[in-house]
>>> print(open('coords_14.txt').read())   # compact mmCIF, C-alpha atoms
# COMPACT_ATOMS: atom_id res chain seq x y z
CA MET U 181 -103.47 15.66 -74.75
CA ALA U 182 -99.92 16.94 -74.22
CA LEU U 183 -97.20 14.30 -74.23
CA THR U 184 -93.51 14.24 -73.40
CA ALA U 185 -90.87 12.23 -75.23
CA ALA U 186 -87.17 11.64 -74.59
CA VAL U 187 -84.58 10.07 -76.87
CA LEU U 188 -81.68 7.86 -75.89
CA GLY U 189 -79.02 8.35 -78.53
CA ALA U 190 -77.38 11.25 -80.38
CA GLY U 191 -75.73 9.50 -83.31
CA TYR U 192 -76.34 9.60 -87.05
CA PHE U 193 -79.80 8.04 -87.17
CA ALA U 194 -80.94 9.37 -83.79
CA SER U 195 -80.98 12.85 -85.33
CA PHE U 196 -84.02 11.80 -87.40
CA HIS U 197 -85.77 10.85 -84.16
CA HIS U 198 -84.95 14.21 -82.52
CA GLU U 199 -86.28 16.13 -85.50
CA ALA U 200 -89.46 14.06 -85.69
CA TRP U 201 -90.44 14.48 -82.04
CA ASP U 202 -89.59 18.18 -82.10
CA ARG U 203 -91.84 18.68 -85.14
CA LEU U 204 -94.78 16.70 -83.78
CA ASP U 205 -97.70 18.78 -82.52
CA GLY U 206 -98.69 18.10 -78.93
CA VAL U 207 -95.41 16.41 -78.03
CA THR U 208 -92.49 18.00 -76.19
CA LEU U 209 -89.03 16.52 -76.65
CA SER U 210 -87.95 16.95 -73.04
CA ALA U 211 -84.47 15.41 -73.07
CA VAL U 212 -81.73 13.59 -75.01
CA ALA U 213 -79.29 11.19 -73.35
CA ASN U 214 -76.06 9.87 -74.80
CA ARG U 215 -72.99 8.27 -73.25
CA THR U 216 -70.91 11.00 -74.93
CA VAL U 217 -72.80 13.89 -73.39
CA GLU U 218 -71.27 16.44 -75.75
CA LYS U 219 -73.21 14.84 -78.61
CA ALA U 220 -76.43 15.11 -76.61
CA GLN U 221 -75.67 18.76 -75.82
CA ALA U 222 -75.13 19.47 -79.51
CA THR U 223 -78.81 18.66 -80.19
CA GLY U 224 -79.93 21.75 -78.28
CA PHE U 225 -82.28 19.80 -76.03
CA PRO U 226 -81.71 19.18 -72.29
CA ALA U 227 -78.78 16.74 -72.30
CA PHE U 228 -77.74 13.89 -70.03
CA ASP U 229 -75.02 11.26 -70.10
CA SER U 230 -77.25 8.34 -69.06
CA LEU U 231 -80.85 7.24 -68.81
CA SER U 232 -80.69 7.25 -65.02
CA ALA U 233 -79.59 10.89 -65.04
CA LEU U 234 -82.35 11.74 -67.49
CA PHE U 235 -85.03 10.09 -65.36
CA ASP U 236 -83.72 11.63 -62.13
CA ARG U 237 -83.42 15.20 -63.39
CA ALA U 238 -85.86 15.53 -66.30
CA GLY U 239 -88.48 13.07 -65.07
CA VAL U 240 -89.90 9.95 -66.68
CA PRO U 241 -91.37 10.85 -70.10
CA ASP U 242 -94.56 9.42 -71.56
CA ILE U 243 -92.47 8.00 -74.41
CA LEU U 244 -88.86 6.88 -74.32
CA ASP U 245 -87.40 6.44 -77.79
CA ILE U 246 -84.26 4.27 -77.87
CA ALA U 247 -82.10 5.09 -80.91
CA THR U 248 -78.69 3.69 -80.00
CA ALA U 249 -76.50 0.85 -81.26
CA PRO U 250 -78.09 -2.64 -81.13
CA GLU U 251 -75.97 -3.98 -78.27
CA THR U 252 -77.36 -1.29 -75.92
CA HIS U 253 -81.06 -2.00 -76.51
CA VAL U 254 -81.71 -4.70 -73.91
CA ASN U 255 -80.33 -2.82 -70.91
CA ALA U 256 -81.94 0.43 -72.02
CA VAL U 257 -85.38 -1.17 -72.32
CA ARG U 258 -84.99 -2.83 -68.93
CA GLU U 259 -84.05 0.48 -67.33
CA ALA U 260 -87.02 2.21 -68.94
CA ILE U 261 -89.40 -0.50 -67.74
CA ALA U 262 -88.04 -0.19 -64.20
CA ALA U 263 -88.52 3.58 -64.34
CA GLY U 264 -92.18 3.17 -65.30
CA CYS U 265 -92.18 4.52 -68.87
CA ARG U 266 -95.67 4.20 -70.39
CA VAL U 267 -94.42 3.60 -73.92
CA ILE U 268 -90.95 2.47 -74.93
CA ILE U 269 -89.90 2.55 -78.58
CA CYS U 270 -86.80 0.52 -79.45
CA GLN U 271 -84.95 0.84 -82.73
CA LYS U 272 -84.28 -2.29 -84.73
CA PRO U 273 -82.44 -4.61 -84.67
CA PHE U 274 -84.59 -5.49 -81.66
CA CYS U 275 -82.28 -7.25 -79.16
CA ASN U 276 -79.34 -9.49 -80.00
CA ASN U 277 -81.39 -12.62 -80.56
CA LEU U 278 -84.90 -14.05 -80.43
CA GLU U 279 -84.57 -15.36 -76.88
CA GLU U 280 -83.64 -11.91 -75.55
CA ALA U 281 -86.51 -10.36 -77.47
CA ARG U 282 -89.03 -12.81 -76.03
CA ALA U 283 -87.80 -12.24 -72.48
CA LEU U 284 -87.85 -8.46 -72.88
CA THR U 285 -91.34 -8.53 -74.38
CA GLU U 286 -92.63 -10.57 -71.45
CA LEU U 287 -90.93 -8.25 -68.96
CA ALA U 288 -92.58 -5.20 -70.51
CA GLU U 289 -96.00 -6.84 -70.63
CA ALA U 290 -95.75 -7.92 -66.99
CA ALA U 291 -94.86 -4.37 -65.96
CA GLY U 292 -97.66 -2.80 -68.00
CA SER U 293 -95.28 -0.94 -70.33
CA THR U 294 -96.11 -0.77 -74.04
CA LEU U 295 -93.04 -1.83 -76.02
CA VAL U 296 -92.89 -0.88 -79.70
CA VAL U 297 -90.19 -1.72 -82.25
CA HIS U 298 -89.14 1.24 -84.39
CA GLU U 299 -89.54 -0.57 -87.71
CA ASN U 300 -90.26 2.36 -89.97
CA PHE U 301 -90.16 1.11 -93.58
CA ARG U 302 -93.82 0.05 -93.48
CA TRP U 303 -94.49 3.76 -92.80
CA GLN U 304 -92.85 4.93 -95.99
CA PRO U 305 -95.61 6.64 -98.00
CA TRP U 306 -95.10 4.59 -101.16
CA TYR U 307 -95.84 1.33 -99.32
CA ARG U 308 -98.94 2.89 -97.74
CA ALA U 309 -100.08 3.97 -101.20
CA MET U 310 -99.46 0.51 -102.64
CA LYS U 311 -101.33 -1.15 -99.76
CA THR U 312 -104.31 1.14 -100.30
CA ALA U 313 -104.35 0.37 -104.03
CA MET U 314 -104.24 -3.36 -103.31
CA GLU U 315 -107.11 -3.11 -100.83
CA GLN U 316 -109.16 -1.13 -103.33
CA GLY U 317 -108.75 -3.92 -105.91
CA GLU U 318 -106.70 -1.85 -108.34
CA ILE U 319 -104.61 -4.87 -109.44
CA GLY U 320 -107.14 -7.65 -108.88
CA ASP U 321 -106.02 -10.71 -106.95
CA VAL U 322 -102.46 -10.15 -105.73
CA LEU U 323 -100.13 -12.99 -106.74
CA GLN U 324 -96.61 -11.81 -106.04
CA GLY U 325 -94.30 -8.99 -105.06
CA SER U 326 -90.60 -8.29 -105.39
CA PHE U 327 -88.05 -5.74 -104.28
CA ARG U 328 -84.51 -5.18 -105.61
CA MET U 329 -82.47 -3.47 -102.89
CA ARG U 330 -79.59 -1.54 -104.52
CA PRO U 331 -78.25 1.24 -102.24
CA GLY U 332 -74.78 1.13 -103.82
CA ASP U 333 -72.98 1.90 -100.56
CA GLY U 334 -71.13 -1.37 -99.98
CA GLN U 335 -68.09 -1.27 -102.26
CA GLY U 336 -64.45 -0.99 -101.22
CA PRO U 337 -62.54 -0.83 -97.94
CA ARG U 338 -64.40 2.29 -96.71
CA ALA U 339 -67.88 0.83 -97.10
CA TYR U 340 -70.24 2.25 -94.42
CA LEU U 341 -67.41 3.94 -92.45
CA ASP U 342 -68.59 7.50 -93.07
CA ARG U 343 -72.12 6.93 -91.75
CA GLN U 344 -72.47 3.76 -89.66
CA PRO U 345 -69.01 2.15 -89.26
CA TYR U 346 -70.23 -0.65 -86.99
CA PHE U 347 -71.86 -2.15 -90.08
CA GLN U 348 -68.46 -3.59 -91.07
CA GLN U 349 -68.21 -5.67 -87.90
CA MET U 350 -71.72 -7.15 -87.77
CA PRO U 351 -71.51 -10.96 -88.22
CA ARG U 352 -75.09 -10.92 -89.49
CA PHE U 353 -75.50 -7.87 -91.67
CA LEU U 354 -77.72 -7.80 -94.76
CA VAL U 355 -80.69 -9.54 -93.18
CA HIS U 356 -80.29 -8.67 -89.48
CA GLU U 357 -79.62 -4.98 -90.11
CA THR U 358 -81.26 -4.15 -93.45
CA ALA U 359 -83.45 -6.79 -95.10
CA VAL U 360 -85.44 -7.10 -91.88
CA HIS U 361 -87.14 -3.88 -93.06
CA TRP U 362 -88.65 -5.80 -95.97
CA VAL U 363 -89.37 -8.88 -93.86
CA ASP U 364 -91.71 -6.65 -91.88
CA THR U 365 -92.95 -4.70 -94.91
CA PHE U 366 -93.80 -7.87 -96.85
CA ARG U 367 -95.82 -9.06 -93.84
CA TYR U 368 -97.63 -5.71 -93.88
CA LEU U 369 -98.32 -5.89 -97.62
CA PHE U 370 -98.99 -9.60 -98.19
CA GLY U 371 -99.81 -11.11 -94.80
CA PRO U 372 -98.20 -13.80 -92.62
CA VAL U 373 -95.37 -15.93 -94.01
CA LYS U 374 -95.62 -19.73 -94.08
CA SER U 375 -92.09 -20.54 -95.26
CA VAL U 376 -88.85 -18.95 -96.44
CA TYR U 377 -85.96 -19.96 -98.69
CA ALA U 378 -82.75 -17.94 -98.71
CA ASP U 379 -79.39 -17.83 -100.48
CA LEU U 380 -77.08 -15.30 -98.79
CA ARG U 381 -73.46 -14.39 -99.55
CA ARG U 382 -70.68 -11.94 -98.70
CA MET U 383 -69.34 -9.92 -101.63
CA ASN U 384 -67.10 -7.32 -99.94
CA PRO U 385 -64.26 -9.09 -98.08
CA VAL U 386 -63.65 -6.18 -95.67
CA ILE U 387 -66.92 -6.77 -93.79
CA ALA U 388 -67.81 -9.57 -91.39
CA GLY U 389 -71.34 -10.41 -92.51
CA GLU U 390 -73.33 -11.06 -95.67
CA ASP U 391 -74.11 -8.15 -98.02
CA ALA U 392 -76.09 -9.81 -100.83
CA GLY U 393 -78.74 -12.48 -101.23
CA PHE U 394 -82.12 -13.70 -102.36
CA ILE U 395 -85.03 -14.48 -100.03
CA LEU U 396 -88.27 -16.10 -101.19
CA PHE U 397 -91.34 -15.77 -98.94
CA ASP U 398 -94.40 -18.00 -99.27
CA HIS U 399 -97.49 -16.24 -97.88
CA GLY U 400 -99.86 -19.08 -98.72
CA GLU U 401 -102.85 -19.17 -101.09
CA GLY U 402 -100.54 -18.75 -104.07
CA VAL U 403 -98.98 -15.47 -102.93
CA ARG U 404 -95.19 -15.16 -102.87
CA SER U 405 -92.71 -12.33 -102.50
CA MET U 406 -89.02 -12.02 -103.33
CA PHE U 407 -86.31 -9.88 -101.76
CA ASP U 408 -83.25 -9.48 -103.99
CA GLY U 409 -80.60 -7.47 -102.14
CA ASN U 410 -77.09 -6.40 -103.02
CA ARG U 411 -75.50 -3.46 -101.19
CA LEU U 412 -72.67 -3.16 -103.73
CA LEU U 413 -74.99 -2.32 -106.65
CA ASP U 414 -77.11 0.74 -107.32
CA HIS U 415 -80.39 1.60 -109.04
CA LYS U 416 -81.73 4.49 -111.11
CA ALA U 417 -82.24 7.25 -108.57
CA GLU U 418 -80.78 10.62 -107.68
CA HIS U 419 -80.79 9.61 -104.02
CA HIS U 420 -80.09 5.89 -103.63
CA ARG U 421 -81.15 5.80 -99.97
CA LEU U 422 -84.64 7.21 -100.56
CA THR U 423 -86.29 3.90 -101.47
CA MET U 424 -83.01 1.90 -101.54
CA GLY U 425 -84.24 0.13 -104.66
CA GLU U 426 -87.19 -0.68 -106.88
CA GLY U 427 -90.24 -2.88 -106.41
CA LEU U 428 -93.20 -4.54 -108.11
CA ILE U 429 -96.50 -5.89 -106.83
CA GLU U 430 -98.31 -7.97 -109.45
CA GLY U 431 -101.89 -9.15 -109.61
CA THR U 432 -104.43 -10.59 -112.02
CA GLY U 433 -105.63 -7.09 -112.89
CA GLY U 434 -102.41 -5.13 -113.10
CA VAL U 435 -99.05 -4.13 -111.67
CA LEU U 436 -97.90 -1.58 -109.11
CA ARG U 437 -94.36 -0.31 -109.66
CA LEU U 438 -92.22 1.53 -107.11
CA ALA U 439 -89.48 3.66 -108.67
CA GLY U 440 -86.31 4.93 -107.04
CA ASP U 441 -87.70 8.45 -106.73
CA GLY U 442 -90.52 7.24 -104.47
CA SER U 443 -93.21 7.40 -107.15
CA VAL U 444 -95.81 4.63 -107.49
CA HIS U 445 -97.20 3.66 -110.89
CA LEU U 446 -100.17 1.51 -111.92
CA ARG U 447 -100.38 -0.44 -115.18
CA ARG U 448 -103.58 -2.31 -115.92
CA PHE U 449 -103.45 -5.87 -117.22
CA ASN U 450 -102.92 -5.96 -121.02
CA SER U 451 -102.27 -2.21 -121.11
CA LEU U 452 -99.14 -0.42 -122.30
CA GLN U 453 -99.92 2.71 -120.30
CA GLU U 454 -98.86 3.49 -116.74
CA HIS U 455 -100.74 5.86 -114.44
CA VAL U 456 -99.03 7.73 -111.61
CA LEU U 457 -100.67 6.86 -108.30
CA MET U 458 -98.15 8.82 -106.24
CA PRO U 459 -95.69 11.40 -107.63
CA PRO U 460 -91.98 11.40 -106.79
CA TYR U 461 -91.22 12.23 -103.18
CA ASP U 462 -89.62 15.66 -102.82
CA GLY U 463 -89.88 16.23 -99.06
CA GLY U 464 -86.16 15.83 -98.48
CA ARG U 465 -86.50 13.66 -95.38
CA PHE U 466 -85.23 10.13 -94.82
CA GLY U 467 -87.42 7.37 -96.24
CA GLY U 468 -90.33 9.63 -97.11
CA ASP U 469 -90.45 10.96 -93.54
CA CYS U 470 -91.13 7.48 -92.18
CA VAL U 471 -89.55 8.21 -88.78
CA PHE U 472 -92.00 11.05 -88.20
CA ARG U 473 -94.93 8.94 -89.41
CA LEU U 474 -94.10 6.19 -86.92
CA CYS U 475 -93.67 8.68 -84.05
CA GLU U 476 -96.96 10.33 -84.97
CA HIS U 477 -98.66 6.91 -84.99
CA VAL U 478 -97.45 6.18 -81.44
CA ALA U 479 -98.58 9.60 -80.20
CA ARG U 480 -102.02 9.07 -81.72
CA PHE U 481 -102.25 5.68 -80.04
CA LEU U 482 -101.57 7.28 -76.66
CA ARG U 483 -104.42 9.68 -77.38
CA GLY U 484 -106.74 6.75 -78.09
CA GLU U 485 -106.66 7.08 -81.88
CA GLY U 486 -106.42 3.61 -83.40
CA ALA U 487 -104.59 0.36 -82.82
CA LEU U 488 -100.81 0.19 -82.48
CA GLU U 489 -98.64 -1.39 -85.18
CA ASN U 490 -95.37 -3.21 -84.46
CA LYS U 491 -95.84 -3.94 -80.80
CA ALA U 492 -92.98 -6.11 -79.59
CA ARG U 493 -95.17 -9.20 -79.25
CA ASP U 494 -96.11 -9.07 -82.94
CA TYR U 495 -92.57 -8.19 -83.99
CA LEU U 496 -91.32 -11.48 -82.58
CA LYS U 497 -92.66 -13.02 -85.80
CA VAL U 498 -90.18 -10.90 -87.75
CA LEU U 499 -87.31 -12.21 -85.63
CA GLU U 500 -88.52 -15.81 -86.06
CA MET U 501 -88.46 -15.22 -89.81
CA GLU U 502 -84.96 -13.74 -89.60
CA ASN U 503 -83.71 -16.88 -87.85
CA ALA U 504 -85.40 -19.06 -90.46
CA ILE U 505 -83.77 -17.05 -93.26
CA TYR U 506 -80.28 -17.60 -91.89
CA LYS U 507 -80.97 -21.28 -91.25
CA SER U 508 -82.28 -21.71 -94.80
CA SER U 509 -79.15 -20.15 -96.26
CA GLU U 510 -76.90 -22.31 -94.06
CA THR U 511 -78.71 -25.57 -94.87
CA GLY U 512 -79.85 -24.87 -98.42
CA CYS U 513 -83.39 -25.92 -97.44
CA ARG U 514 -86.72 -24.15 -97.19
CA GLN U 515 -87.78 -23.40 -93.62
CA GLU U 516 -91.37 -23.70 -92.47
CA LEU U 517 -92.82 -21.15 -90.06
CA ILE U 518 -95.66 -21.34 -87.56
CA THR U 519 -98.05 -18.52 -88.45
>>> encode(input="coords_14.txt", output="structure tokens")
Amino acid sequence: MALTAAVLGAGYFASFHHEAWDRLDGVTLSAVANRTVEKAQATGFPAFDSLSALFDRAGVPDILDIATAPETHVNAVREAIAAGCRVIICQKPFCNNLEEARALTELAEAAGSTLVVHENFRWQPWYRAMKTAMEQGEIGDVLQGSFRMRPGDGQGPRAYLDRQPYFQQMPRFLVHETAVHWVDTFRYLFGPVKSVYADLRRMNPVIAGEDAGFILFDHGEGVRSMFDGNRLLDHKAEHHRLTMGEGLIEGTGGVLRLAGDGSVHLRRFNSLQEHVLMPPYDGGRFGGDCVFRLCEHVARFLRGEGALENKARDYLKVLEMENAIYKSSETGCRQELIT
């Protein structure tokens, strides 16, 4: 089944989307739109300066992939729904707030459009490998997980300016822009969250939002996970943005360890030896090629191959958790969630 895709956006991260769709068998990247049309033209694909121009001249694609700045997402999704796009993928952060996200989700559902949030960290191969090992009972009963995010890109007055300068102006930064990846990934690995406790802080005075913090997630039945993030600090890795840190998943029968090179290691309970479950990632693509893996997943869904992950309706839970995290940090109290 041949499919067409179009991308809104021609900035830094949108380039990963262009490359993924162009590489995907059975999918034609038919157009790229960007408000600065010269950037769209530079991609080498048919270029337009707006979604309306793209729809009018290139036609409505099977998949519209929105990879622009967060403040543009709501209007872009609305325009795609009105045009009759079958599937709309929207980069995170998804909308400006939970209320907008709920309204947009309901609008898409009423129109019969499938709305997906491009939350790609759960598609990184090391997390898929760890999930498989957990499901196969390799570490017994899972009790807890943790991740130390240490990209080392947040120091000094030029923090983020070379790649994504709008980061400096975001009033909610660490969680809304970055830690939300692990909010979703922890749900994928450990299941729904019953409560959160957070302690967030700003370390670099040149930015508007928080850039460090601890978040404790209670998944119920004795399972907890911890996110420990600090964008000013680094970790042992040649490429700090590959995994962006290091992680552990611990159970009654052993431990899974994620290293900064993307390798996954298993140590049995009471053993001093580690076994390599997945070797270091050497593919050279962002996040273990997670953008491609998500795009491939959506294309397979359209061909009738499996259920769809991260539909907007389900992703609302992630945004509810994000709100609870900020409220917990502001009040100093644990926040309960309705699962």
>>> atom_distance(input="coords_14.txt", atom1="atom CA of U:Leu231", atom2="atom CA of U:Pro345")
24.2 Å
>>> atom_distance(input="coords_14.txt", atom1="atom CA of U:His356", atom2="atom CA of U:Glu502")
6.9 Å
>>> closest_atom_pairs(input="coords_14.txt", of="stretch 455-491 of chain U", to="stretch 187-202 of chain U", cutoff="8 Å", atoms="only C-alpha atoms", output="Markdown table")
| residue | atom | partner | partner_atom | distance |
| --- | --- | --- | --- | --- |
| U:Phe466 | CA | U:Phe196 | CA | 7.7 |
| U:Val471 | CA | U:His197 | CA | 6.5 |
| U:Phe472 | CA | U:Ala200 | CA | 4.7 |
| U:Cys475 | CA | U:Trp201 | CA | 6.9 |
>>> write_last_selection(input="coords_14.txt", atoms="C-alpha atoms", output="compact mmCIF listing (two decimals), in the frame of the given file")
# COMPACT_ATOMS: atom_id res chain seq x y z
CA PHE U 466 -85.23 10.13 -94.82
CA VAL U 471 -89.55 8.21 -88.78
CA PHE U 472 -92.00 11.05 -88.20
CA CYS U 475 -93.67 8.68 -84.05
>>> closest_residue(input="coords_14.txt", among="U:Ser210, U:Thr223, U:Thr285, U:Thr252", to="U:Ala238", atoms="only C-alpha atoms")
U:Ser210
>>> axis_aligned_box(input="coords_14.txt", around="stretch 399-404 of chain U", padding_each_side="6 Å", output="AutoDock Vina command-line options")
--center_x -99.0 --center_y -17.2 --center_z -101.0 --size_x 19.7 --size_y 16.0 --size_z 18.2
>>> closest_residue(input="coords_14.txt", among="U:Ile387, U:Val296, U:Ala227, U:Leu284", to="U:Phe481", atoms="all atoms listed in the file")
U:Val296
>>> atom_distance(input="coords_14.txt", atom1="atom CA of U:Arg465", atom2="atom CA of U:Thr358")
18.7 Å
>>> residues_around(input="coords_14.txt", residues="U:Arg437", least_positions_apart="4", cutoff="10 Å", atoms="only C-alpha atoms", output="list in words")
Trp306, Met310, Gly325, Ser326, Phe327, Glu426, Gly427, Leu428, Ile429, Glu430, Gly442, Ser443, Val444, His445, Leu446, Arg447, Glu454, Val456 and Leu457 of chain U
>>> write_last_selection(input="coords_14.txt", atoms="C-alpha atoms", output="PDB file, in the frame of the given file")
ATOM      1  CA  TRP U 306     -95.100   4.590-101.160  1.00  0.00           C
ATOM      2  CA  MET U 310     -99.460   0.510-102.640  1.00  0.00           C
ATOM      3  CA  GLY U 325     -94.300  -8.990-105.060  1.00  0.00           C
ATOM      4  CA  SER U 326     -90.600  -8.290-105.390  1.00  0.00           C
ATOM      5  CA  PHE U 327     -88.050  -5.740-104.280  1.00  0.00           C
ATOM      6  CA  GLU U 426     -87.190  -0.680-106.880  1.00  0.00           C
ATOM      7  CA  GLY U 427     -90.240  -2.880-106.410  1.00  0.00           C
ATOM      8  CA  LEU U 428     -93.200  -4.540-108.110  1.00  0.00           C
ATOM      9  CA  ILE U 429     -96.500  -5.890-106.830  1.00  0.00           C
ATOM     10  CA  GLU U 430     -98.310  -7.970-109.450  1.00  0.00           C
ATOM     11  CA  GLY U 442     -90.520   7.240-104.470  1.00  0.00           C
ATOM     12  CA  SER U 443     -93.210   7.400-107.150  1.00  0.00           C
ATOM     13  CA  VAL U 444     -95.810   4.630-107.490  1.00  0.00           C
ATOM     14  CA  HIS U 445     -97.200   3.660-110.890  1.00  0.00           C
ATOM     15  CA  LEU U 446    -100.170   1.510-111.920  1.00  0.00           C
ATOM     16  CA  ARG U 447    -100.380  -0.440-115.180  1.00  0.00           C
ATOM     17  CA  GLU U 454     -98.860   3.490-116.740  1.00  0.00           C
ATOM     18  CA  VAL U 456     -99.030   7.730-111.610  1.00  0.00           C
ATOM     19  CA  LEU U 457    -100.670   6.860-108.300  1.00  0.00           C
TER      20      LEU U 457
END
>>> closest_residue(input="coords_14.txt", among="U:Val363, U:Leu287, U:Ile395, U:Ala220", to="U:Tyr495", atoms="all atoms listed in the file")
U:Val363
>>> residues_around(input="coords_14.txt", residues="U:Arg381", least_positions_apart="5", cutoff="6 Å", atoms="only C-alpha atoms", output="PDB file with C-alpha atoms, in the coordinates of the input")
ATOM      1  CA  GLU U 390     -73.330 -11.060 -95.670  1.00  0.00           C
ATOM      2  CA  ALA U 392     -76.090  -9.810-100.830  1.00  0.00           C
ATOM      3  CA  GLY U 393     -78.740 -12.480-101.230  1.00  0.00           C
TER       4      GLY U 393
END
>>> build_atoms(input="coords_14.txt", residues="stretch 283-290 of chain U", atoms="all heavy atoms", output="PDB file, keeping the file's coordinate frame")
ATOM      1  N   ALA U 283     -87.882 -12.546 -73.905  1.00  0.00           N
ATOM      2  CA  ALA U 283     -87.800 -12.240 -72.480  1.00  0.00           C
ATOM      3  C   ALA U 283     -88.111 -10.776 -72.218  1.00  0.00           C
ATOM      4  O   ALA U 283     -88.817 -10.439 -71.246  1.00  0.00           O
ATOM      5  CB  ALA U 283     -86.406 -12.590 -71.959  1.00  0.00           C
ATOM      6  N   LEU U 284     -87.615  -9.889 -73.061  1.00  0.00           N
ATOM      7  CA  LEU U 284     -87.850  -8.460 -72.880  1.00  0.00           C
ATOM      8  C   LEU U 284     -89.311  -8.116 -73.119  1.00  0.00           C
ATOM      9  O   LEU U 284     -89.891  -7.277 -72.407  1.00  0.00           O
ATOM     10  CB  LEU U 284     -86.954  -7.675 -73.833  1.00  0.00           C
ATOM     11  CG  LEU U 284     -86.551  -6.268 -73.413  1.00  0.00           C
ATOM     12  CD1 LEU U 284     -85.809  -6.285 -72.085  1.00  0.00           C
ATOM     13  CD2 LEU U 284     -85.697  -5.616 -74.489  1.00  0.00           C
ATOM     14  N   THR U 285     -89.914  -8.752 -74.104  1.00  0.00           N
ATOM     15  CA  THR U 285     -91.340  -8.530 -74.380  1.00  0.00           C
ATOM     16  C   THR U 285     -92.185  -8.951 -73.187  1.00  0.00           C
ATOM     17  O   THR U 285     -93.104  -8.223 -72.776  1.00  0.00           O
ATOM     18  CB  THR U 285     -91.752  -9.320 -75.628  1.00  0.00           C
ATOM     19  OG1 THR U 285     -91.004  -8.845 -76.757  1.00  0.00           O
ATOM     20  CG2 THR U 285     -93.234  -9.173 -75.911  1.00  0.00           C
ATOM     21  N   GLU U 286     -91.883 -10.098 -72.617  1.00  0.00           N
ATOM     22  CA  GLU U 286     -92.630 -10.570 -71.450  1.00  0.00           C
ATOM     23  C   GLU U 286     -92.429  -9.667 -70.241  1.00  0.00           C
ATOM     24  O   GLU U 286     -93.370  -9.416 -69.474  1.00  0.00           O
ATOM     25  CB  GLU U 286     -92.211 -12.010 -71.129  1.00  0.00           C
ATOM     26  CG  GLU U 286     -92.668 -13.011 -72.189  1.00  0.00           C
ATOM     27  CD  GLU U 286     -92.062 -14.383 -72.008  1.00  0.00           C
ATOM     28  OE1 GLU U 286     -91.292 -14.569 -71.034  1.00  0.00           O
ATOM     29  OE2 GLU U 286     -92.340 -15.269 -72.844  1.00  0.00           O
ATOM     30  N   LEU U 287     -91.216  -9.160 -70.074  1.00  0.00           N
ATOM     31  CA  LEU U 287     -90.930  -8.250 -68.960  1.00  0.00           C
ATOM     32  C   LEU U 287     -91.748  -6.970 -69.097  1.00  0.00           C
ATOM     33  O   LEU U 287     -92.327  -6.493 -68.108  1.00  0.00           O
ATOM     34  CB  LEU U 287     -89.432  -7.917 -68.948  1.00  0.00           C
ATOM     35  CG  LEU U 287     -88.943  -7.037 -67.786  1.00  0.00           C
ATOM     36  CD1 LEU U 287     -89.103  -7.767 -66.458  1.00  0.00           C
ATOM     37  CD2 LEU U 287     -87.483  -6.636 -68.012  1.00  0.00           C
ATOM     38  N   ALA U 288     -91.808  -6.420 -70.292  1.00  0.00           N
ATOM     39  CA  ALA U 288     -92.580  -5.200 -70.510  1.00  0.00           C
ATOM     40  C   ALA U 288     -94.067  -5.441 -70.280  1.00  0.00           C
ATOM     41  O   ALA U 288     -94.752  -4.624 -69.638  1.00  0.00           O
ATOM     42  CB  ALA U 288     -92.347  -4.683 -71.926  1.00  0.00           C
ATOM     43  N   GLU U 289     -94.577  -6.543 -70.791  1.00  0.00           N
ATOM     44  CA  GLU U 289     -96.000  -6.840 -70.630  1.00  0.00           C
ATOM     45  C   GLU U 289     -96.357  -7.023 -69.157  1.00  0.00           C
ATOM     46  O   GLU U 289     -97.404  -6.548 -68.700  1.00  0.00           O
ATOM     47  CB  GLU U 289     -96.359  -8.092 -71.435  1.00  0.00           C
ATOM     48  CG  GLU U 289     -96.311  -7.864 -72.940  1.00  0.00           C
ATOM     49  CD  GLU U 289     -96.504  -9.141 -73.746  1.00  0.00           C
ATOM     50  OE1 GLU U 289     -96.416 -10.240 -73.161  1.00  0.00           O
ATOM     51  OE2 GLU U 289     -96.740  -9.041 -74.967  1.00  0.00           O
ATOM     52  N   ALA U 290     -95.490  -7.696 -68.409  1.00  0.00           N
ATOM     53  CA  ALA U 290     -95.750  -7.920 -66.990  1.00  0.00           C
ATOM     54  C   ALA U 290     -95.765  -6.608 -66.209  1.00  0.00           C
ATOM     55  O   ALA U 290     -96.504  -6.460 -65.224  1.00  0.00           O
ATOM     56  CB  ALA U 290     -94.706  -8.870 -66.406  1.00  0.00           C
TER      57      ALA U 290
END
